[in-house]
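What follows is the content of input_31.txt (compact mmCIF, C-alpha atoms).
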```txt
# COMPACT_ATOMS: atom_id res chain seq x y z
CA GLY K 1 134.74 130.56 166.54
CA ASP K 2 131.19 129.90 165.32
CA ALA K 3 128.19 130.50 167.52
CA GLU K 4 126.67 127.23 168.61
CA GLY K 5 122.93 126.68 168.43
CA GLY K 6 120.79 124.12 170.19
CA ALA K 7 121.96 124.84 173.73
CA ASP K 8 120.23 126.48 176.68
CA ASP K 9 121.05 130.18 176.38
CA SER K 10 120.88 130.59 180.17
CA VAL K 11 124.47 129.34 180.20
CA SER K 12 125.67 132.39 178.28
CA TYR K 13 123.12 134.78 179.78
CA PRO K 14 122.50 133.75 183.40
CA ALA K 15 119.72 135.55 185.24
CA MET K 16 120.84 138.14 187.78
CA GLU K 17 119.65 137.55 191.31
CA GLY K 18 116.90 139.99 192.26
CA VAL K 19 116.31 141.13 188.67
CA GLU K 20 113.31 140.08 186.62
CA THR K 21 112.89 141.17 183.01
CA THR K 22 109.51 141.19 181.32
CA PHE K 23 108.24 142.55 178.02
CA GLU K 24 104.95 142.92 176.22
CA ASP K 25 104.82 140.03 173.78
CA THR K 26 102.31 141.56 171.39
CA PHE K 27 102.37 142.78 167.81
CA ASP K 28 101.36 146.28 168.93
CA ALA K 29 104.41 146.49 171.19
CA THR K 30 106.73 146.22 168.19
CA GLN K 31 105.35 149.36 166.57
CA TYR K 32 106.60 151.88 169.12
CA LEU K 33 109.23 152.32 171.81
CA ASP K 34 107.71 153.12 175.20
CA GLY K 35 104.23 153.11 173.73
CA THR K 36 102.66 153.45 177.18
CA SER K 37 103.75 157.07 177.62
CA ASP K 38 103.23 160.33 175.79
CA ALA K 39 106.88 160.24 174.72
CA TYR K 40 106.67 157.13 172.57
CA VAL K 41 109.01 156.79 169.60
CA PRO K 42 107.51 155.29 166.44
CA ILE K 43 109.28 152.35 164.85
CA TYR K 44 107.06 150.56 162.34
CA GLY K 45 103.88 152.14 163.74
CA PRO K 46 103.14 154.67 160.97
CA TRP K 47 104.01 152.10 158.30
CA VAL K 48 101.67 149.52 159.82
CA GLN K 49 98.88 152.09 160.07
CA ALA K 50 99.28 152.91 156.38
CA MET K 51 99.20 149.21 155.48
CA VAL K 52 96.06 148.61 157.55
CA LEU K 53 94.36 151.52 155.80
CA SER K 54 95.32 149.87 152.51
CA GLY K 55 93.64 146.61 153.46
CA TRP K 56 96.29 144.64 155.34
CA LYS K 57 95.28 142.99 158.63
CA ALA K 58 97.50 143.21 161.70
CA GLY K 59 98.21 139.75 163.08
CA TYR K 60 96.96 138.11 159.89
CA ASP K 61 99.14 139.17 156.98
CA ILE K 62 101.35 141.56 159.01
CA ASP K 63 103.23 140.33 162.05
CA ALA K 64 106.51 140.94 163.86
CA LEU K 65 109.11 138.79 165.58
CA ARG K 66 109.71 139.69 169.21
CA TYR K 67 113.21 138.67 170.32
CA ASP K 68 115.71 139.71 172.98
CA TRP K 69 118.09 141.95 171.05
CA ARG K 70 120.50 142.05 174.01
CA LYS K 71 121.55 138.46 173.42
CA GLY K 72 123.76 137.16 170.65
CA PRO K 73 123.27 134.66 167.82
CA ASP K 74 123.81 131.67 170.12
CA ALA K 75 120.53 132.53 171.86
CA TYR K 76 118.64 132.97 168.59
CA MET K 77 119.93 129.61 167.31
CA ALA K 78 119.15 127.74 170.55
CA LYS K 79 116.29 125.25 170.71
CA GLY K 80 113.10 127.19 171.27
CA GLY K 81 114.92 130.45 170.48
CA ALA K 82 114.04 133.27 168.13
CA PHE K 83 114.83 131.29 164.98
CA ASP K 84 112.42 128.51 165.89
CA VAL K 85 109.76 131.13 166.63
CA LEU K 86 110.41 132.98 163.35
CA GLN K 87 110.20 129.81 161.29
CA GLY K 88 106.85 128.94 162.86
CA MET K 89 105.51 132.47 162.32
CA ILE K 90 106.41 132.45 158.63
CA GLU K 91 104.99 128.98 158.02
CA ASP K 92 101.76 129.90 159.81
CA MET K 93 101.37 133.12 157.81
CA VAL K 94 101.88 131.33 154.49
CA GLN K 95 99.33 128.71 155.52
CA ARG K 96 96.82 131.44 156.52
CA THR K 97 97.20 133.64 153.49
CA GLY K 98 98.31 131.28 150.76
CA LYS K 99 101.07 133.74 149.84
CA LYS K 100 104.82 133.81 150.33
CA VAL K 101 106.17 136.22 152.94
CA ALA K 102 108.12 139.43 152.37
CA VAL K 103 110.39 140.01 155.37
CA VAL K 104 111.26 143.58 156.41
CA SER K 105 114.08 144.19 158.91
CA MET K 106 115.64 147.22 160.59
CA SER K 107 119.29 147.64 161.62
CA MET K 108 120.46 144.52 163.52
CA GLY K 109 117.37 142.71 162.28
CA GLY K 110 119.10 142.43 158.90
CA PRO K 111 121.99 140.20 159.99
CA VAL K 112 119.63 138.36 162.36
CA PHE K 113 117.37 137.37 159.46
CA ALA K 114 120.29 136.60 157.16
CA LEU K 115 121.81 134.32 159.81
CA PHE K 116 118.41 132.62 160.12
CA CYS K 117 118.42 131.95 156.37
CA ASN K 118 121.95 130.57 156.38
CA THR K 119 121.88 128.42 159.50
CA HIS K 120 118.30 127.51 160.33
CA VAL K 121 116.38 126.78 157.13
CA THR K 122 117.21 125.18 153.81
CA PRO K 123 117.22 126.84 150.37
CA GLU K 124 114.18 124.72 149.55
CA TRP K 125 112.34 126.12 152.59
CA GLN K 126 113.23 129.65 151.54
CA GLU K 127 111.95 129.03 148.03
CA LYS K 128 108.68 127.72 149.41
CA TYR K 129 107.98 130.39 152.02
CA LEU K 130 109.86 133.61 151.20
CA ALA K 131 109.03 136.14 148.49
CA SER K 132 111.67 138.76 149.29
CA PHE K 133 113.83 140.29 152.00
CA ILE K 134 113.87 144.07 152.57
CA SER K 135 116.63 145.46 154.77
CA LEU K 136 116.38 148.95 156.27
CA SER K 137 119.74 150.31 157.50
CA GLY K 138 121.00 146.75 157.81
CA SER K 139 124.22 146.57 159.82
CA PHE K 140 125.60 143.58 157.91
CA GLY K 141 129.20 144.64 158.45
CA GLY K 142 128.75 145.67 162.06
CA SER K 143 129.42 149.17 163.34
CA THR K 144 131.94 151.16 165.36
CA SER K 145 129.15 152.36 167.65
CA PRO K 146 128.77 149.14 169.72
CA LEU K 147 132.56 148.89 170.00
CA PHE K 148 132.53 152.44 171.33
CA SER K 149 129.94 151.40 173.92
CA LEU K 150 131.97 148.36 174.98
CA LEU K 151 135.05 150.52 175.55
CA THR K 152 133.51 153.66 177.06
CA GLY K 153 129.92 153.04 178.15
CA GLN K 154 128.68 155.75 175.80
CA TRP K 155 125.50 154.73 173.97
CA GLY K 156 125.05 157.28 171.23
CA LYS K 157 123.79 160.55 172.71
CA LEU K 158 121.33 158.84 175.02
CA VAL K 159 123.47 158.26 178.11
CA PRO K 160 124.65 161.06 180.45
CA LYS K 161 128.24 160.72 181.66
CA ILE K 162 127.21 159.88 185.23
CA MET K 163 125.46 156.73 183.96
CA GLN K 164 128.24 155.52 181.67
CA PRO K 165 129.87 153.12 184.19
CA THR K 166 126.51 151.36 184.61
CA ILE K 167 125.93 151.23 180.87
CA LEU K 168 129.47 149.95 180.36
CA SER K 169 128.85 147.02 182.70
CA MET K 170 125.51 146.31 181.04
CA ALA K 171 126.90 146.41 177.49
CA ARG K 172 129.70 144.02 178.38
CA SER K 173 127.22 141.48 179.75
CA MET K 174 125.22 141.38 176.50
CA GLY K 175 126.03 139.27 173.47
CA SER K 176 124.76 141.58 170.73
CA PRO K 177 127.28 144.48 171.09
CA ALA K 178 130.23 142.09 170.72
CA TRP K 179 128.53 140.51 167.70
CA MET K 180 127.83 143.86 166.07
CA VAL K 181 131.36 145.33 166.08
CA PRO K 182 132.91 145.89 162.61
CA ALA K 183 133.25 142.60 160.73
CA GLU K 184 136.55 141.32 159.39
CA GLY K 185 134.72 139.68 156.50
CA VAL K 186 133.53 143.06 155.23
CA PHE K 187 136.35 145.48 156.09
CA GLY K 188 139.31 143.09 156.26
CA GLY K 189 141.12 141.84 159.36
CA ASP K 190 143.96 144.35 158.91
CA ARG K 191 141.71 147.40 159.06
CA VAL K 192 142.59 149.68 161.97
CA ALA K 193 139.83 149.78 164.60
CA ILE K 194 141.46 151.42 167.66
CA LYS K 195 144.56 153.57 168.08
CA THR K 196 146.28 154.18 171.43
CA PRO K 197 149.69 155.71 172.18
CA GLU K 198 151.16 152.23 172.70
CA ARG K 199 149.26 149.96 170.34
CA THR K 200 147.10 149.94 167.24
CA TYR K 201 144.38 147.29 167.20
CA THR K 202 143.08 145.89 163.93
CA LEU K 203 139.70 144.22 163.48
CA SER K 204 141.34 140.80 163.87
CA GLN K 205 142.68 141.95 167.27
CA LEU K 206 139.45 143.21 168.80
CA GLY K 207 139.48 140.31 171.24
CA ASP K 208 142.77 141.66 172.62
CA ALA K 209 141.39 145.20 172.76
CA LEU K 210 138.32 144.16 174.71
CA ARG K 211 140.36 142.05 177.10
CA ASP K 212 142.89 144.84 177.65
CA SER K 213 140.01 147.18 178.53
CA GLY K 214 138.68 144.74 181.12
CA ALA K 215 135.79 143.48 178.96
CA THR K 216 136.71 139.80 179.30
CA ARG K 217 133.19 138.50 178.76
CA ALA K 218 132.70 140.68 175.69
CA SER K 219 136.04 139.40 174.35
CA ASP K 220 134.79 135.84 174.74
CA PHE K 221 131.53 136.71 172.98
CA TRP K 222 133.48 138.31 170.13
CA ALA K 223 135.63 135.19 169.69
CA ARG K 224 132.53 133.00 169.49
CA PHE K 225 130.56 135.24 167.11
CA ARG K 226 133.26 136.71 164.85
CA ASN K 227 132.60 134.23 162.02
CA THR K 228 128.83 134.81 161.97
CA MET K 229 128.97 138.35 160.62
CA GLY K 230 129.77 139.55 157.13
CA PRO K 231 129.39 138.22 153.58
CA GLN K 232 128.61 134.68 154.77
CA LEU K 233 125.28 136.03 156.02
CA THR K 234 123.99 136.64 152.48
CA PRO K 235 120.36 135.50 152.45
CA ASN K 236 119.31 133.17 149.64
CA VAL K 237 116.28 135.25 148.72
CA THR K 238 115.69 138.28 146.52
CA THR K 239 117.15 141.07 148.63
CA HIS K 240 116.43 144.82 148.64
CA CYS K 241 118.78 146.97 150.72
CA LEU K 242 117.66 150.49 151.70
CA TYR K 243 120.08 152.72 153.58
CA GLY K 244 121.27 156.27 154.11
CA VAL K 245 124.48 157.75 152.71
CA SER K 246 126.50 160.97 152.95
CA VAL K 247 126.10 161.10 156.74
CA PRO K 248 129.40 161.17 158.71
CA SER K 249 129.73 157.80 160.46
CA PRO K 250 132.22 156.69 163.16
CA ASP K 251 135.19 154.72 161.89
CA THR K 252 138.44 154.43 163.89
CA ILE K 253 138.48 155.04 167.66
CA ILE K 254 141.43 157.12 168.89
CA LEU K 255 142.30 157.00 172.61
CA SER K 256 144.62 159.28 174.57
CA LYS K 257 145.87 156.47 176.84
CA PRO K 258 146.50 152.72 176.49
CA LEU K 259 143.52 150.47 177.02
CA ALA K 260 143.13 149.41 180.65
CA PRO K 261 140.31 148.30 182.98
CA SER K 262 140.28 151.82 184.40
CA ASP K 263 139.52 154.61 181.94
CA ALA K 264 140.48 157.42 184.33
CA GLY K 265 141.77 160.37 182.34
CA GLN K 266 140.99 158.70 179.04
CA THR K 267 139.82 160.96 176.24
CA VAL K 268 138.21 159.58 173.12
CA ASP K 269 138.07 160.76 169.53
CA VAL K 270 136.98 159.12 166.29
CA THR K 271 137.65 159.40 162.59
CA TRP K 272 134.70 159.56 160.25
CA GLY K 273 133.65 157.91 157.01
CA ASP K 274 130.65 157.78 154.70
CA GLY K 275 127.56 155.94 155.89
CA ASP K 276 124.26 156.56 157.63
CA GLY K 277 125.63 158.06 160.83
CA THR K 278 125.89 154.69 162.56
CA VAL K 279 127.03 152.12 159.99
CA LEU K 280 129.73 152.69 157.39
CA LEU K 281 128.78 152.25 153.75
CA PRO K 282 130.53 148.88 153.18
CA GLY K 283 128.62 147.44 156.13
CA LEU K 284 125.31 148.63 154.69
CA THR K 285 125.89 147.24 151.20
CA ALA K 286 127.15 143.81 152.35
CA CYS K 287 123.54 142.67 152.44
CA GLY K 288 123.21 140.21 149.61
CA SER K 289 124.57 139.06 146.28
CA GLY K 290 123.46 137.83 142.90
CA ASP K 291 121.08 139.16 140.30
CA GLY K 292 118.27 139.63 142.81
CA LYS K 293 120.08 142.19 144.95
CA GLY K 294 118.92 145.79 144.81
CA LEU K 295 120.69 148.71 146.51
CA TYR K 296 118.66 151.83 147.30
CA PRO K 297 120.73 154.67 148.82
CA PHE K 298 118.99 157.70 150.30
CA VAL K 299 121.20 160.81 150.55
CA ASN K 300 121.43 162.51 153.95
CA VAL K 301 119.09 160.00 155.61
CA SER K 302 120.38 158.72 158.94
CA HIS K 303 120.29 155.19 160.33
CA SER K 304 117.00 155.55 162.21
CA ASP K 305 115.45 158.29 160.08
CA ILE K 306 115.00 155.89 157.19
CA LEU K 307 111.85 154.84 159.05
CA LYS K 308 110.57 158.40 158.55
CA SER K 309 111.45 158.58 154.86
CA LEU K 310 108.43 158.67 152.57
CA ASP K 311 110.68 157.73 149.66
CA ALA K 312 111.86 154.63 151.51
CA TRP K 313 108.31 153.75 152.41
CA GLY K 314 107.34 154.06 148.75
CA VAL K 315 109.99 151.52 147.75
CA VAL K 316 108.98 149.08 150.50
CA ALA K 317 105.28 149.43 149.74
CA ASP K 318 105.92 148.70 146.07
CA ILE K 319 107.91 145.57 146.89
CA ILE K 320 105.52 144.08 149.41
CA SER K 321 102.49 144.89 147.30
CA ASN K 322 103.82 143.42 144.08
CA HIS K 323 106.59 141.07 145.24
CA ASP K 324 108.50 142.53 142.31
CA ALA K 325 111.33 145.00 142.03
CA PRO K 326 110.07 148.57 142.41
CA LYS K 327 110.17 150.99 139.51
CA ARG K 328 113.30 152.83 140.58
CA ASP K 329 116.84 152.78 139.28
CA ARG K 330 119.00 150.34 141.21
CA LEU K 331 122.75 150.35 141.71
```
Rewrite the structure from the file as structure tokens, please.
Amino acid sequence: GDAEGGADDSVSYPAMEGVETTFEDTFDATQYLDGTSDAYVPIYGPWVQAMVLSGWKAGYDIDALRYDWRKGPDAYMAKGGAFDVLQGMIEDMVQRTGKKVAVVSMSMGGPVFALFCNTHVTPEWQEKYLASFISLSGSFGGSTSPLFSLLTGQWGKLVPKIMQPTILSMARSMGSPAWMVPAEGVFGGDRVAIKTPERTYTLSQLGDALRDSGATRASDFWARFRNTMGPQLTPNVTTHCLYGVSVPSPDTIILSKPLAPSDAGQTVDVTWGDGDGTVLLPGLTACGSGDGKGLYPFVNVSHSDILKSLDAWGVVADIISNHDAPKRDRL
């Protein structure tokens, strides 16, 4: 069930006839979503601006990995994939600056980087090149939200109902949603994920649930990726995990009808647990182990709003400036 690296990812993600996808492969493009319009959404932009004002140089001692988040870990591990690119970026930066690198990730970037550490580079390489790893809202245990999208086509609050069939088809063609469903290694295979009038699906049965709903390709992705998520992704570097708590987060999905390729008449409800509004607390804290692990919870801060938190920025700035643990109580 492991994802296999080294292969051409066009096998898993064939190009669609008549569709061409392009993106701006620049450092600036990673700072904002839709930065070409007046409605841009900041990601790392304000943080980078603050660092530049403090003496950092964009493209010199600050840089960002651009990768296709739609694909799954098989694409990142493939020859010439994101992991090869990331390794080269880190080695080049250490050579330029003479300093080890502090890696900062957001959301899915956390398990992506942890998988890089565990499958692509050696502990000796990590010791030579990495100073620390800082995870913001890292979804190390997966989340109910992508499972919700794979079953219903709903994508948070962003997608109007009329577009959900299109989004459903899109989500099921991508590797990342199937990879990012709740992980057995964190929550346990017997944990209930979906309830219908006829069957209850546990986390170990998500392949059946996806197949019953008509998401055959997503079911295949899940089977291939299920062992690449969870505690085995612990990075072998000093790890700092920043995340929100006390925000109701989706847990179990409750359906009014049995799963079937057609969702006509299906109504959906969810139960809620503690987390950051997207990821449940166990999935946020499954980000590392050992004496070097620091947990930094921020009350009532949501999954994406941690990027707006001045308190979170203070912790990150302290770490990357000193490459030492910040002066704040840790759990």
### Message
Show me, as a list of chain:residue names, the residues that have an atom within 8 Å of K:Ala312 when counting only C-alpha atoms, minus same-chain residues fewer than 4 positions from it.
### Response
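Residues meeting the cut-off are K:Leu242, K:Phe298, K:Ile306, K:Leu307, K:Val316.
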### Task
Go through K:Pro46, K:Gly81, K:Pro73, K:Gly288 and flag the residue nearest K:Asn236, using all atoms listed in the file for the distances.
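Smallest separation from K:Asn236 among the options: K:Gly288.
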### Task
For K:Asn227, list every protein, DNA or RNA residue within 12 Å, evaluated using only C-alpha atoms, and leave out those in the same chain fewer than 5 positions away; present the list as JSON, numbers by chain.
{"K": [1, 2, 3, 4, 73, 115, 141, 178, 179, 180, 181, 182, 183, 184, 185, 186, 189, 204, 221, 222, 232, 233]}
Could the residues in this selection be written to a file with C-alpha atoms, as a PDB file, in the coordinates of the input?
```pdb
ATOM      1  CA  GLY K   1     134.740 130.560 166.540  1.00  0.00           C
ATOM      2  CA  ASP K   2     131.190 129.900 165.320  1.00  0.00           C
ATOM      3  CA  ALA K   3     128.190 130.500 167.520  1.00  0.00           C
ATOM      4  CA  GLU K   4     126.670 127.230 168.610  1.00  0.00           C
ATOM      5  CA  PRO K  73     123.270 134.660 167.820  1.00  0.00           C
ATOM      6  CA  LEU K 115     121.810 134.320 159.810  1.00  0.00           C
ATOM      7  CA  GLY K 141     129.200 144.640 158.450  1.00  0.00           C
ATOM      8  CA  ALA K 178     130.230 142.090 170.720  1.00  0.00           C
ATOM      9  CA  TRP K 179     128.530 140.510 167.700  1.00  0.00           C
ATOM     10  CA  MET K 180     127.830 143.860 166.070  1.00  0.00           C
ATOM     11  CA  VAL K 181     131.360 145.330 166.080  1.00  0.00           C
ATOM     12  CA  PRO K 182     132.910 145.890 162.610  1.00  0.00           C
ATOM     13  CA  ALA K 183     133.250 142.600 160.730  1.00  0.00           C
ATOM     14  CA  GLU K 184     136.550 141.320 159.390  1.00  0.00           C
ATOM     15  CA  GLY K 185     134.720 139.680 156.500  1.00  0.00           C
ATOM     16  CA  VAL K 186     133.530 143.060 155.230  1.00  0.00           C
ATOM     17  CA  GLY K 189     141.120 141.840 159.360  1.00  0.00           C
ATOM     18  CA  SER K 204     141.340 140.800 163.870  1.00  0.00           C
ATOM     19  CA  PHE K 221     131.530 136.710 172.980  1.00  0.00           C
ATOM     20  CA  TRP K 222     133.480 138.310 170.130  1.00  0.00           C
ATOM     21  CA  GLN K 232     128.610 134.680 154.770  1.00  0.00           C
ATOM     22  CA  LEU K 233     125.280 136.030 156.020  1.00  0.00           C
TER      23      LEU K 233
END
```
### Query
Separation of atom CA of K:Ala218 and atom CA of K:Thr285, in Å?
26.3 Å
### Message
I need the residue nearest K:Thr202 from this list: K:Thr252, K:Gly153, K:Arg217, K:Thr30. Use all atoms listed in the file for the distance.
### Response
K:Thr252
### Message
Using only C-alpha atoms, which protein or nucleic acid residues come within 7 Å of K:Phe140? Drop anything in the same chain fewer than 3 positions from it, and give the result as a list in words.
### Response
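Residues meeting the cut-off are Gly110, Pro111, Met229, Gly230, Gly283, Leu284, Ala286 and Cys287 of chain K.
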Save the residues we just selected, C-alpha atoms, as an mmCIF file, in the frame of the given file?
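Okay, result33.cif is ready:
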```cif
data_model
loop_
_atom_site.group_PDB
_atom_site.id
_atom_site.type_symbol
_atom_site.label_atom_id
_atom_site.label_comp_id
_atom_site.auth_asym_id
_atom_site.auth_seq_id
_atom_site.Cartn_x
_atom_site.Cartn_y
_atom_site.Cartn_z
ATOM 1 C CA GLY K 110 119.100 142.430 158.900
ATOM 2 C CA PRO K 111 121.990 140.200 159.990
ATOM 3 C CA MET K 229 128.970 138.350 160.620
ATOM 4 C CA GLY K 230 129.770 139.550 157.130
ATOM 5 C CA GLY K 283 128.620 147.440 156.130
ATOM 6 C CA LEU K 284 125.310 148.630 154.690
ATOM 7 C CA ALA K 286 127.150 143.810 152.350
ATOM 8 C CA CYS K 287 123.540 142.670 152.440
#
```
### Task
Between K:Asp305, K:Asp251, K:Asp25, K:Asp269, single out the one closest to K:Tyr67, counting all atoms listed in the file.
K:Asp25
### Query
Quick one: residues within 7 Å of K:Cys117, all atoms listed in the file counted, chain neighbours fewer than 4 positions away excluded, as a count of residues only?
4
### Point-to-point distance in Å for atom CA of K:Phe83 and atom CA of K:His120
6.9 Å
### Message
Using only C-alpha atoms for the distances, tell me which of K:Gly98, K:Gly80, K:Gly244, K:Pro258 is nearest to K:Asp61.
### Response
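For K:Asp61, the nearest of the given residues is K:Gly98.
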### Query
Which is closest to K:Thr234 among K:Ser304, K:Thr119, K:Thr22, K:Gln49, if we use only C-alpha atoms?
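So, comparing all the options, the nearest one is K:Thr119.
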### Task
Find the residue from K:Tyr60, K:Phe187, K:Tyr13, K:Trp69 that sits nearest to K:Leu280; use only C-alpha atoms when measuring.
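Going through K:Tyr60, K:Phe187, K:Tyr13, K:Trp69 one by one, the smallest distance to K:Leu280 is for K:Phe187.
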### Task
Please provide as number ranges by chain all residues within 7 Å of K:Val299, with the sequence filter that same-chain residues fewer than 2 positions apart are discarded (counting all atoms listed in the file).
K: 244-246, 297, 301
Restrict the selected residues to C-alpha atoms and save them as a CSV table (one decimal), in the frame of the given file.
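Result saved to result_35.csv:
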```
chain,number,residue,atom,x,y,z
K,244,GLY,CA,121.3,156.3,154.1
K,245,VAL,CA,124.5,157.8,152.7
K,246,SER,CA,126.5,161.0,153.0
K,297,PRO,CA,120.7,154.7,148.8
K,301,VAL,CA,119.1,160.0,155.6
```
### Query
Between atom CA of K:Leu136 and atom CA of K:Val279, what is the spacing in Å?
11.7 Å
